[in-house]
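Engineer: This is coords04.csv, which holds CSV, C-alpha atoms:
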```
chain,number,residue,atom,x,y,z
A,473,MET,CA,-105.0,55.7,23.9
A,474,SER,CA,-103.7,58.8,22.1
A,475,ILE,CA,-102.2,58.9,18.7
A,476,ASN,CA,-99.4,61.3,17.9
A,477,LYS,CA,-100.0,63.6,15.1
A,478,LEU,CA,-97.9,62.7,12.0
A,479,THR,CA,-95.8,65.7,11.1
A,480,LYS,CA,-94.0,66.3,7.8
A,481,ASN,CA,-90.6,65.9,9.5
A,482,ASN,CA,-91.2,62.5,11.2
A,483,SER,CA,-93.0,61.4,8.1
A,484,LEU,CA,-89.9,62.0,6.1
A,485,ALA,CA,-87.8,60.3,8.8
A,486,ARG,CA,-89.9,57.2,8.3
A,487,ILE,CA,-89.4,56.9,4.6
A,488,THR,CA,-85.9,58.3,3.9
A,489,GLY,CA,-83.2,55.7,3.1
A,490,ARG,CA,-80.5,55.1,0.6
A,491,TYR,CA,-78.7,52.7,-1.7
A,492,THR,CA,-75.3,51.5,-0.7
A,493,VAL,CA,-73.4,51.1,-4.0
A,494,THR,CA,-70.1,49.6,-5.0
A,495,VAL,CA,-68.4,51.5,-7.9
A,496,THR,CA,-65.5,50.1,-9.9
A,497,ARG,CA,-63.2,51.9,-12.2
A,498,SER,CA,-61.8,50.4,-15.4
A,499,LEU,CA,-58.6,51.9,-16.8
A,500,SER,CA,-57.2,51.0,-20.2
A,501,SER,CA,-54.4,52.2,-22.4
A,502,SER,CA,-53.1,50.1,-25.3
A,503,THR,CA,-49.6,51.7,-25.0
A,504,ALA,CA,-49.0,51.5,-21.3
A,505,SER,CA,-47.1,48.9,-19.4
A,506,VAL,CA,-49.5,47.8,-16.6
A,507,LEU,CA,-47.6,46.5,-13.6
A,508,THR,CA,-48.9,45.1,-10.4
A,509,PRO,CA,-45.9,44.2,-8.2
A,510,GLY,CA,-47.8,43.1,-5.1
A,511,ASN,CA,-47.2,46.3,-3.0
A,512,GLY,CA,-50.9,47.3,-3.1
A,513,TYR,CA,-50.6,49.5,-6.2
A,514,THR,CA,-51.0,49.1,-10.0
A,515,TYR,CA,-48.7,51.2,-12.1
A,516,TYR,CA,-49.5,52.4,-15.6
A,517,VAL,CA,-46.2,53.3,-17.3
A,518,TRP,CA,-45.7,55.2,-20.5
A,519,LYS,CA,-42.1,55.0,-21.8
A,520,THR,CA,-42.4,55.4,-25.6
A,521,VAL,CA,-41.9,58.9,-27.0
A,522,GLY,CA,-45.1,60.3,-28.5
A,523,SER,CA,-48.8,60.7,-27.8
A,524,HIS,CA,-50.9,58.2,-25.7
A,525,THR,CA,-54.4,58.0,-24.2
A,526,LEU,CA,-55.7,56.6,-20.9
A,527,SER,CA,-59.4,55.8,-21.0
A,528,TYR,CA,-61.6,55.0,-18.0
A,529,SER,CA,-65.1,54.2,-17.1
A,530,ASP,CA,-67.0,53.9,-13.8
A,531,ALA,CA,-69.8,51.4,-13.2
A,532,ILE,CA,-72.0,50.4,-10.3
A,533,THR,CA,-71.3,46.7,-9.7
A,534,ASN,CA,-73.4,46.1,-6.6
A,535,SER,CA,-76.2,48.0,-4.8
A,536,VAL,CA,-77.9,47.2,-1.5
A,537,TRP,CA,-81.3,48.6,-0.7
A,538,SER,CA,-81.7,50.5,2.6
A,539,LYS,CA,-85.4,51.7,3.0
A,540,SER,CA,-85.7,53.9,0.0
A,541,ASN,CA,-84.2,54.8,-3.3
A,542,ILE,CA,-81.9,57.7,-4.2
A,543,ILE,CA,-82.0,59.7,-7.4
A,544,ARG,CA,-78.7,59.3,-9.0
A,545,THR,CA,-78.2,61.8,-11.9
A,546,ASN,CA,-74.4,61.5,-12.1
A,547,ILE,CA,-72.2,58.6,-11.2
A,548,ASN,CA,-69.5,61.0,-10.1
A,549,ASN,CA,-71.7,61.7,-7.1
A,550,VAL,CA,-71.0,58.2,-5.8
A,551,VAL,CA,-67.5,57.5,-7.1
A,552,PRO,CA,-65.3,57.0,-4.0
A,553,SER,CA,-62.3,59.3,-3.7
A,554,SER,CA,-60.0,56.2,-3.5
A,555,ILE,CA,-60.5,55.6,-7.2
A,556,GLN,CA,-61.1,59.2,-8.4
A,557,THR,CA,-57.4,60.1,-7.8
A,558,GLY,CA,-54.0,58.7,-8.5
A,559,ASN,CA,-50.3,59.5,-7.9
A,560,VAL,CA,-49.1,61.0,-11.2
A,561,PHE,CA,-45.4,61.3,-12.1
A,562,VAL,CA,-44.4,63.3,-15.2
A,563,VAL,CA,-40.8,63.6,-16.5
A,564,GLY,CA,-39.9,65.9,-19.4
A,565,GLY,CA,-37.2,64.9,-21.9
A,566,GLY,CA,-33.6,66.1,-21.2
A,567,GLY,CA,-31.8,68.6,-23.3
A,568,GLY,CA,-28.9,67.7,-25.5
A,569,GLY,CA,-25.3,68.4,-24.6
A,570,TRP,CA,-23.5,71.2,-26.3
A,571,TRP,CA,-20.0,72.3,-27.0
A,572,TRP,CA,-18.7,72.3,-23.4
A,573,ASP,CA,-22.1,72.9,-21.7
A,574,GLY,CA,-24.1,70.0,-20.3
A,575,GLY,CA,-27.8,69.7,-21.2
A,576,GLY,CA,-30.4,70.5,-18.7
A,577,ALA,CA,-32.7,67.8,-17.2
A,578,GLY,CA,-36.3,67.6,-18.1
A,579,GLY,CA,-38.6,69.3,-15.6
A,580,ILE,CA,-40.6,67.0,-13.3
A,581,VAL,CA,-44.1,67.4,-11.7
A,582,GLN,CA,-45.5,64.9,-9.2
A,583,HIS,CA,-49.1,65.0,-7.9
A,584,PRO,CA,-50.0,62.4,-5.2
A,585,SER,CA,-53.7,62.8,-5.7
A,586,TYR,CA,-54.5,64.0,-9.2
A,587,ASN,CA,-58.2,64.1,-9.6
A,588,THR,CA,-59.4,62.7,-12.9
A,589,VAL,CA,-63.1,63.3,-11.9
A,590,PRO,CA,-64.3,65.7,-13.2
A,591,LEU,CA,-61.1,67.1,-14.8
A,592,HIS,CA,-61.4,64.6,-17.7
A,593,ALA,CA,-64.6,63.3,-19.1
A,594,SER,CA,-63.6,59.8,-20.1
A,595,SER,CA,-60.0,59.9,-21.2
A,596,VAL,CA,-56.7,61.6,-20.3
A,597,PRO,CA,-54.3,62.8,-23.0
A,598,ILE,CA,-50.6,61.8,-22.4
A,599,THR,CA,-47.4,62.7,-24.0
A,600,VAL,CA,-43.9,61.4,-23.4
A,601,GLY,CA,-41.2,63.9,-24.4
A,602,SER,CA,-38.2,63.0,-26.5
A,603,GLY,CA,-34.6,63.7,-25.4
A,604,GLY,CA,-32.8,66.6,-27.2
A,605,ILE,CA,-30.2,65.9,-29.8
A,606,GLY,CA,-26.6,66.7,-28.7
A,607,PHE,CA,-24.3,69.0,-30.6
A,608,ARG,CA,-22.9,67.3,-33.7
A,609,SER,CA,-19.5,68.0,-35.0
A,610,ALA,CA,-20.8,68.3,-38.5
A,611,SER,CA,-22.4,71.6,-37.3
A,612,HIS,CA,-19.0,73.1,-36.5
A,613,PRO,CA,-18.5,76.0,-36.9
A,614,TYR,CA,-22.2,76.4,-36.5
A,615,ALA,CA,-22.9,75.8,-40.2
A,616,SER,CA,-26.2,74.0,-39.4
A,617,VAL,CA,-27.2,74.1,-35.7
A,618,PRO,CA,-29.9,71.5,-35.1
A,619,THR,CA,-33.4,72.7,-34.1
A,620,ASN,CA,-34.2,69.8,-31.8
A,621,LEU,CA,-31.6,70.4,-29.1
A,622,ASN,CA,-34.1,70.9,-26.3
A,623,GLY,CA,-35.9,68.0,-24.7
A,624,GLY,CA,-39.6,67.4,-25.5
A,625,THR,CA,-42.4,68.3,-23.0
A,626,SER,CA,-44.3,65.5,-21.3
A,627,ASN,CA,-47.8,65.6,-19.9
A,628,PHE,CA,-50.5,63.7,-18.1
A,629,GLY,CA,-53.7,65.7,-18.6
A,630,TYR,CA,-53.1,69.1,-17.2
A,631,LEU,CA,-49.8,68.2,-15.5
A,632,ILE,CA,-46.8,69.3,-17.6
A,633,GLY,CA,-43.1,68.4,-17.3
A,634,VAL,CA,-41.2,70.9,-19.5
A,635,GLY,CA,-38.4,69.6,-21.7
A,636,GLY,CA,-34.8,70.3,-20.6
A,637,GLY,CA,-32.8,73.0,-22.3
A,638,SER,CA,-29.7,72.7,-24.4
A,639,ALA,CA,-27.2,75.5,-23.8
A,640,CYS,CA,-27.1,76.8,-27.4
A,641,PRO,CA,-30.3,76.1,-29.3
A,642,THR,CA,-29.9,79.2,-31.5
A,643,ASN,CA,-27.3,81.9,-32.5
A,644,ALA,CA,-24.4,80.0,-31.1
A,645,ASN,CA,-21.9,82.4,-32.7
A,646,ALA,CA,-23.0,85.2,-30.5
A,647,THR,CA,-21.1,83.9,-27.5
A,648,TRP,CA,-18.3,82.0,-29.1
A,649,GLY,CA,-15.3,81.6,-26.8
A,650,ASN,CA,-17.1,81.6,-23.5
A,651,GLY,CA,-19.5,78.6,-23.8
A,652,CYS,CA,-23.0,79.3,-24.8
A,653,GLY,CA,-24.8,79.9,-21.5
A,654,SER,CA,-26.5,77.6,-19.1
A,655,ALA,CA,-29.2,75.1,-20.0
A,656,ASN,CA,-32.1,76.8,-18.2
A,657,GLU,CA,-35.3,75.3,-19.6
A,658,SER,CA,-35.7,73.0,-16.6
A,659,ALA,CA,-35.4,76.0,-14.3
A,660,ASN,CA,-38.8,77.1,-15.8
A,661,GLN,CA,-40.5,74.1,-14.2
A,662,PRO,CA,-41.1,75.7,-10.8
A,663,SER,CA,-43.1,78.4,-12.4
A,664,VAL,CA,-45.5,76.1,-14.3
A,665,THR,CA,-49.0,76.4,-12.8
A,666,HIS,CA,-50.7,73.4,-14.6
A,667,PRO,CA,-54.0,75.3,-15.2
A,668,GLY,CA,-56.9,73.0,-14.8
A,669,SER,CA,-55.3,70.7,-12.3
A,670,ASN,CA,-56.6,70.3,-8.8
A,671,PRO,CA,-54.1,71.7,-6.2
A,672,GLY,CA,-51.4,69.5,-4.6
A,673,TYR,CA,-48.7,69.1,-7.3
A,674,THR,CA,-44.9,69.8,-6.7
A,675,ASN,CA,-42.6,71.0,-9.5
A,676,TYR,CA,-38.9,70.1,-9.7
A,677,GLY,CA,-36.2,71.9,-11.8
A,678,TYR,CA,-33.1,74.0,-11.4
A,679,PRO,CA,-30.9,76.1,-13.8
A,680,GLY,CA,-27.6,75.1,-15.4
A,681,GLY,CA,-24.3,76.5,-14.3
A,682,THR,CA,-22.6,79.5,-15.9
A,683,PRO,CA,-19.7,78.7,-18.3
A,684,ALA,CA,-16.2,80.1,-17.7
A,685,TYR,CA,-13.8,80.6,-20.7
A,686,TYR,CA,-13.4,77.1,-22.2
A,687,SER,CA,-15.1,75.3,-19.4
A,688,GLY,CA,-18.9,74.8,-19.7
A,689,GLY,CA,-21.5,74.9,-17.1
A,690,GLY,CA,-23.1,71.7,-15.9
A,691,GLY,CA,-26.7,71.1,-16.8
A,692,GLY,CA,-29.3,71.9,-14.2
A,693,GLY,CA,-30.9,68.9,-12.4
A,694,THR,CA,-34.2,68.5,-10.7
A,695,GLY,CA,-32.5,68.4,-7.3
A,696,VAL,CA,-29.9,71.1,-7.6
A,697,ALA,CA,-28.5,73.6,-10.0
A,698,GLY,CA,-25.6,72.7,-12.3
A,699,PRO,CA,-22.1,73.7,-11.2
A,700,ASN,CA,-20.4,76.7,-12.9
A,701,GLY,CA,-17.6,76.2,-15.3
A,702,ASN,CA,-14.2,75.3,-13.8
A,703,ALA,CA,-11.7,77.8,-15.2
A,704,SER,CA,-10.2,81.2,-14.5
A,705,GLY,CA,-8.6,81.8,-17.9
A,706,TYR,CA,-8.4,80.5,-21.5
A,707,THR,CA,-5.1,78.7,-20.9
A,708,ASN,CA,-5.2,78.3,-17.2
A,709,SER,CA,-4.5,74.8,-15.9
A,710,SER,CA,-7.6,74.8,-13.9
A,711,ASN,CA,-9.7,74.6,-17.0
A,712,ALA,CA,-11.5,71.2,-16.5
A,713,PRO,CA,-14.8,69.5,-17.0
A,714,THR,CA,-17.6,69.6,-14.4
A,715,SER,CA,-20.3,67.3,-13.3
A,716,GLY,CA,-24.1,67.9,-13.8
A,717,GLY,CA,-26.6,68.9,-11.3
A,718,ALA,CA,-28.1,66.0,-9.3
A,719,GLY,CA,-31.6,64.8,-9.9
A,720,SER,CA,-34.3,64.2,-7.2
A,721,PRO,CA,-35.3,60.9,-5.6
A,722,PHE,CA,-38.8,59.7,-6.0
A,723,PRO,CA,-39.4,56.8,-3.6
A,724,ALA,CA,-42.9,56.1,-5.0
A,725,PHE,CA,-41.4,55.3,-8.4
A,726,PRO,CA,-38.3,53.0,-8.0
A,727,TYR,CA,-36.6,51.8,-11.2
A,728,SER,CA,-37.1,48.2,-10.2
A,729,ILE,CA,-40.9,48.4,-10.0
A,730,ILE,CA,-41.7,50.6,-13.0
A,731,SER,CA,-39.1,48.7,-15.1
A,732,VAL,CA,-36.9,51.5,-16.5
A,733,ASN,CA,-33.1,51.5,-17.3
A,734,PRO,CA,-31.4,52.3,-13.9
A,735,ASP,CA,-28.8,54.8,-13.1
A,736,PRO,CA,-26.2,52.8,-11.1
A,737,SER,CA,-25.1,55.9,-9.2
A,738,SER,CA,-28.6,56.2,-7.6
A,739,GLY,CA,-28.2,54.4,-4.3
A,740,PRO,CA,-31.9,53.9,-3.6
A,741,GLY,CA,-32.6,53.4,-7.3
A,742,ASN,CA,-35.2,56.2,-7.7
A,743,HIS,CA,-33.4,59.4,-8.9
A,744,TYR,CA,-34.7,61.2,-12.0
A,745,GLY,CA,-33.7,64.3,-13.9
A,746,GLY,CA,-29.9,64.5,-13.6
A,747,GLY,CA,-28.1,67.4,-15.5
A,748,GLY,CA,-25.5,66.6,-18.1
A,749,GLY,CA,-21.8,67.1,-17.2
A,750,SER,CA,-19.9,69.8,-18.9
A,751,GLY,CA,-16.7,69.5,-21.0
A,752,SER,CA,-13.8,71.9,-21.4
A,753,GLY,CA,-11.0,72.8,-23.8
A,754,ALA,CA,-10.9,74.2,-27.3
A,755,ASP,CA,-9.4,72.5,-30.3
A,756,GLY,CA,-5.8,73.7,-30.7
A,757,TRP,CA,-5.5,74.8,-27.1
A,758,VAL,CA,-3.5,72.8,-24.6
A,759,ASN,CA,-5.0,73.8,-21.3
A,760,ASN,CA,-5.3,70.8,-19.0
A,761,SER,CA,-4.6,67.9,-21.3
A,762,GLY,CA,-6.1,64.6,-20.1
A,763,ALA,CA,-8.4,65.9,-17.4
A,764,PRO,CA,-11.0,63.2,-17.1
A,765,GLY,CA,-14.6,63.7,-17.9
A,766,LEU,CA,-17.0,63.8,-15.0
A,767,PRO,CA,-20.3,61.9,-14.5
A,768,GLY,CA,-23.6,63.6,-15.1
A,769,GLY,CA,-25.9,64.3,-12.3
A,770,VAL,CA,-27.4,61.3,-10.5
A,771,GLY,CA,-30.7,60.5,-12.2
A,772,GLY,CA,-29.5,59.7,-15.7
A,773,GLY,CA,-27.4,62.7,-16.7
A,774,GLY,CA,-24.8,62.1,-19.4
A,775,SER,CA,-21.1,62.3,-18.5
A,776,SER,CA,-18.9,65.1,-19.8
A,777,GLY,CA,-16.2,64.6,-22.4
A,778,LYS,CA,-12.6,64.2,-21.4
A,779,HIS,CA,-10.5,67.3,-21.9
A,780,ASN,CA,-9.0,67.0,-25.3
A,781,GLY,CA,-5.8,68.9,-24.7
A,782,GLY,CA,-5.8,70.1,-28.3
A,783,ASN,CA,-4.6,66.7,-29.5
A,784,CYS,CA,-7.6,65.7,-31.6
A,785,HIS,CA,-8.1,68.6,-34.0
A,786,PRO,CA,-9.4,68.2,-36.6
A,787,GLY,CA,-10.2,64.6,-35.9
A,788,MET,CA,-12.4,62.9,-33.4
A,789,CYS,CA,-11.5,61.4,-30.0
A,790,ALA,CA,-14.2,59.2,-28.7
A,791,SER,CA,-13.4,60.0,-25.1
A,792,ASN,CA,-13.9,63.7,-25.8
A,793,ALA,CA,-17.5,63.3,-26.8
A,794,GLY,CA,-20.3,63.9,-24.3
A,795,GLY,CA,-22.1,60.9,-22.9
A,796,ASN,CA,-25.7,60.2,-23.7
A,797,ALA,CA,-28.3,60.4,-20.9
A,798,ILE,CA,-30.3,57.4,-19.8
A,799,ASN,CA,-33.7,57.2,-21.6
A,800,ASN,CA,-36.9,57.6,-19.5
A,801,LEU,CA,-35.0,59.2,-16.6
A,802,GLY,CA,-35.1,62.7,-18.2
A,803,GLY,CA,-31.4,63.5,-17.8
A,804,GLY,CA,-29.5,66.0,-19.8
A,805,GLY,CA,-26.8,65.0,-22.3
A,806,GLY,CA,-23.1,65.5,-21.5
A,807,GLY,CA,-21.2,68.4,-23.0
A,808,THR,CA,-18.3,67.8,-25.4
A,809,SER,CA,-14.8,68.8,-24.9
A,810,GLY,CA,-13.7,70.7,-28.0
A,811,GLY,CA,-15.7,71.7,-31.1
A,812,ASN,CA,-15.0,68.6,-33.2
A,813,HIS,CA,-16.7,66.1,-30.9
A,814,ASN,CA,-20.3,65.2,-30.4
A,815,GLY,CA,-22.4,66.3,-27.4
A,816,GLY,CA,-24.5,63.6,-25.7
A,817,ASP,CA,-28.2,63.2,-26.4
A,818,GLY,CA,-30.7,63.9,-23.7
A,819,GLY,CA,-32.7,61.1,-22.1
A,820,SER,CA,-36.4,60.7,-23.0
A,821,GLY,CA,-39.1,61.4,-20.6
A,822,LEU,CA,-41.6,59.3,-18.7
A,823,VAL,CA,-45.2,59.3,-17.4
A,824,VAL,CA,-46.5,57.1,-14.6
A,825,LEU,CA,-49.9,56.7,-12.9
A,826,ARG,CA,-50.0,54.8,-9.6
A,827,VAL,CA,-53.4,53.7,-8.3
A,828,PRO,CA,-54.5,51.4,-5.4
A,829,VAL,CA,-55.2,47.9,-6.5
```
Would you mind giving the structure from this file in structure tokens?
Structural biologist:
Amino acid sequence: MSINKLTKNNSLARITGRYTVTVTRSLSSSTASVLTPGNGYTYYVWKTVGSHTLSYSDAITNSVWSKSNIIRTNINNVVPSSIQTGNVFVVGGGGGGWWWDGGGAGGIVQHPSYNTVPLHASSVPITVGSGGIGFRSASHPYASVPTNLNGGTSNFGYLIGVGGGSACPTNANATWGNGCGSANESANQPSVTHPGSNPGYTNYGYPGGTPAYYSGGGGGGTGVAGPNGNASGYTNSSNAPTSGGAGSPFPAFPYSIISVNPDPSSGPGNHYGGGGGSGSGADGWVNNSGAPGLPGGVGGGGSSGKHNGGNCHPGMCASNAGGNAINNLGGGGGGTSGGNHNGGDGGSGLVVLRVPV
């Protein structure tokens, strides 16, 4: 009876084996709302403006021997992809509404498989951006223009949602009489490259409309650009408010599940980043008296002020003020009609992480 010679290769074949390991990931954040609605996912939701942290740790909770050991020098080598990544949703704060012009929505970035391993060692820095402050009549005529008109930037690690723009953050006198230009900060979102992130993200953001005479441009939304001002002359009867640019729907993050204040105009209940509507009319000018204000863009945008018809100078008409945007939806504030009325405040931002249960 012959005996086969034992070679190096078949020798290795006889002794090679592996461990089958079970790895669990623990996530924690003292400032997140942790929601498990029964749809197969857990949502970590940050709604409060300011800085936050998500901490995580991975641990082997079970191992099964199969012939031989493995040398494990880094737990990342055995962390399954299903818990390495998560669906991340970042909404910047919306810009404040100005004299006529609507505020721009905060920029949005969504990444369906953001990889926290090895991008972040053990924790992820998070920021929820504030909404910009709307124009205040006390600043008229530009005696003290606020410096916090633009929305604040939000982030989850390397993913950044820029704050929405206000139409006139500086030097408002330079363009007096023709509005102050469009709220374009959210238009910068598509050019954000999120250095450090793994590929796969999508940016959302569009520019605001161009003002015309005493009719402002609507704030840009995350779905479409804001409409241009609705006027062909200083005293033309067509001078009227406009709506804001619409936001985008995000089916993975419905209002009802992540528990944010809803925008009733969103049919499916999942639009974010609506631009603020724009006002029209200057104090002392009777252009189109009584033209109603129009709603902001779907996704939380603030409504525009009703045309004042010159009847409120130098006082205040509540209906001529721009409407505030809805917080946590990142919408822009509504523009005021006339200089002695307040613009609406932008809505604050939002950060959400969705992971499998």
Engineer: Neighbourhood query: residues within 6 Å of (-33.2, 73.9, -25.8), file coordinates, counting all atoms listed in the file; return as a list in words.
Structural biologist: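 Collected hits near the coordinates: Leu621, Asn622, Gly637, Ser638 and Pro641 of chain A.
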Engineer: Hey, which of A:Asn587, A:Ser529, A:Thr694, A:Asn814 ends up closest to Gly769 (chain A)? Count all atoms listed in the file.
Structural biologist: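 Under the stated criterion, the closest residue is A:Thr694.
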Engineer: What is the CA of Pro726 (chain A)-CA of Asn796 (chain A) distance in Å, reported with one decimal?
Structural biologist: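 These atoms are spaced 21.4 Å apart.
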Engineer: Considering all atoms listed in the file, state which residue in the set A:Gln582, A:Thr557, A:Ser500, A:Ser715 is at the smallest distance from Gly795 (chain A).
Structural biologist: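 Smallest separation from Gly795 (chain A) among the options: A:Ser715.
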Engineer: Select, from A:Tyr586, A:Phe725, A:Tyr516, A:Tyr686, the residue with the minimum atom-to-atom distance to Trp571 (chain A), counting only C-alpha atoms.
Structural biologist: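 Of A:Tyr586, A:Phe725, A:Tyr516, A:Tyr686, the one nearest Trp571 (chain A), counting only C-alpha atoms, is A:Tyr686.
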Engineer: Which one is closest to His813 (chain A): A:Tyr676, A:Trp518, A:Phe607, A:Ala797? Count all atoms listed in the file.
Structural biologist: A:Phe607
Engineer: Using all atoms listed in the file, which residue out of A:Gly818, A:Pro584, A:Gly749, A:Pro683 lies closest to Asn620 (chain A)?
Structural biologist: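 Closest to Asn620 (chain A), using all atoms listed in the file: A:Gly818.
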Engineer: Interatomic distance between CA of Ser502 (chain A) and CA of Tyr673 (chain A)?
Structural biologist: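 Between CA of Ser502 (chain A) and CA of Tyr673 (chain A) the gap works out to 26.5 Å.
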Engineer: Any idea what the distance is between CA of Gly745 (chain A) and CA of Thr525 (chain A)?
Structural biologist: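 Result for CA of Gly745 (chain A) versus CA of Thr525 (chain A): 24.0 Å, one decimal.
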Engineer: Could you name the residues that touch Asn660 (chain A) at 8 Å or less, counting only C-alpha atoms, but leaving out those on the same chain fewer than 4 positions away, as a ChimeraX atom specification?
Structural biologist: /A:579,634,656,664,677-678
Engineer: Could you pull the residues within 10 Å of Gly815 (chain A), counting only C-alpha atoms, minus those fewer than 5 positions along the same chain, as a PDB file with C-alpha atoms, in the coordinates of the input?
Structural biologist:
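Okay, this is what ended up in result_30.pdb:
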```
ATOM      1  CA  GLY A 568     -28.900  67.700 -25.500  1.00  0.00           C
ATOM      2  CA  GLY A 569     -25.300  68.400 -24.600  1.00  0.00           C
ATOM      3  CA  TRP A 570     -23.500  71.200 -26.300  1.00  0.00           C
ATOM      4  CA  TRP A 571     -20.000  72.300 -27.000  1.00  0.00           C
ATOM      5  CA  TRP A 572     -18.700  72.300 -23.400  1.00  0.00           C
ATOM      6  CA  ASP A 573     -22.100  72.900 -21.700  1.00  0.00           C
ATOM      7  CA  GLY A 574     -24.100  70.000 -20.300  1.00  0.00           C
ATOM      8  CA  GLY A 575     -27.800  69.700 -21.200  1.00  0.00           C
ATOM      9  CA  ILE A 605     -30.200  65.900 -29.800  1.00  0.00           C
ATOM     10  CA  GLY A 606     -26.600  66.700 -28.700  1.00  0.00           C
ATOM     11  CA  PHE A 607     -24.300  69.000 -30.600  1.00  0.00           C
ATOM     12  CA  ARG A 608     -22.900  67.300 -33.700  1.00  0.00           C
ATOM     13  CA  SER A 609     -19.500  68.000 -35.000  1.00  0.00           C
ATOM     14  CA  GLY A 748     -25.500  66.600 -18.100  1.00  0.00           C
ATOM     15  CA  SER A 750     -19.900  69.800 -18.900  1.00  0.00           C
ATOM     16  CA  GLY A 751     -16.700  69.500 -21.000  1.00  0.00           C
ATOM     17  CA  GLY A 774     -24.800  62.100 -19.400  1.00  0.00           C
ATOM     18  CA  SER A 775     -21.100  62.300 -18.500  1.00  0.00           C
ATOM     19  CA  SER A 776     -18.900  65.100 -19.800  1.00  0.00           C
ATOM     20  CA  GLY A 777     -16.200  64.600 -22.400  1.00  0.00           C
ATOM     21  CA  ASN A 792     -13.900  63.700 -25.800  1.00  0.00           C
ATOM     22  CA  ALA A 793     -17.500  63.300 -26.800  1.00  0.00           C
ATOM     23  CA  GLY A 794     -20.300  63.900 -24.300  1.00  0.00           C
ATOM     24  CA  GLY A 795     -22.100  60.900 -22.900  1.00  0.00           C
ATOM     25  CA  ASN A 796     -25.700  60.200 -23.700  1.00  0.00           C
ATOM     26  CA  GLY A 805     -26.800  65.000 -22.300  1.00  0.00           C
ATOM     27  CA  GLY A 806     -23.100  65.500 -21.500  1.00  0.00           C
ATOM     28  CA  GLY A 807     -21.200  68.400 -23.000  1.00  0.00           C
ATOM     29  CA  THR A 808     -18.300  67.800 -25.400  1.00  0.00           C
ATOM     30  CA  SER A 809     -14.800  68.800 -24.900  1.00  0.00           C
ATOM     31  CA  GLY A 810     -13.700  70.700 -28.000  1.00  0.00           C
TER      32      GLY A 810
END
```
Engineer: For a quick check of understanding, using all atoms listed in the file, which of A:Gly716, A:Ile632, A:Asn670, A:Pro828 has the smallest distance to Thr682 (chain A)?
Structural biologist: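 Selected residue with least distance to Thr682 (chain A): A:Gly716.
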Engineer: Name all residues at most 8 Å from region 562-564 of chain A (count all atoms listed in the file; drop same-chain ones fewer than 5 positions away) and give them as number ranges by chain.
Structural biologist: A: 577-582, 600-602, 623-628, 631-636, 744-745, 800-802, 820-824
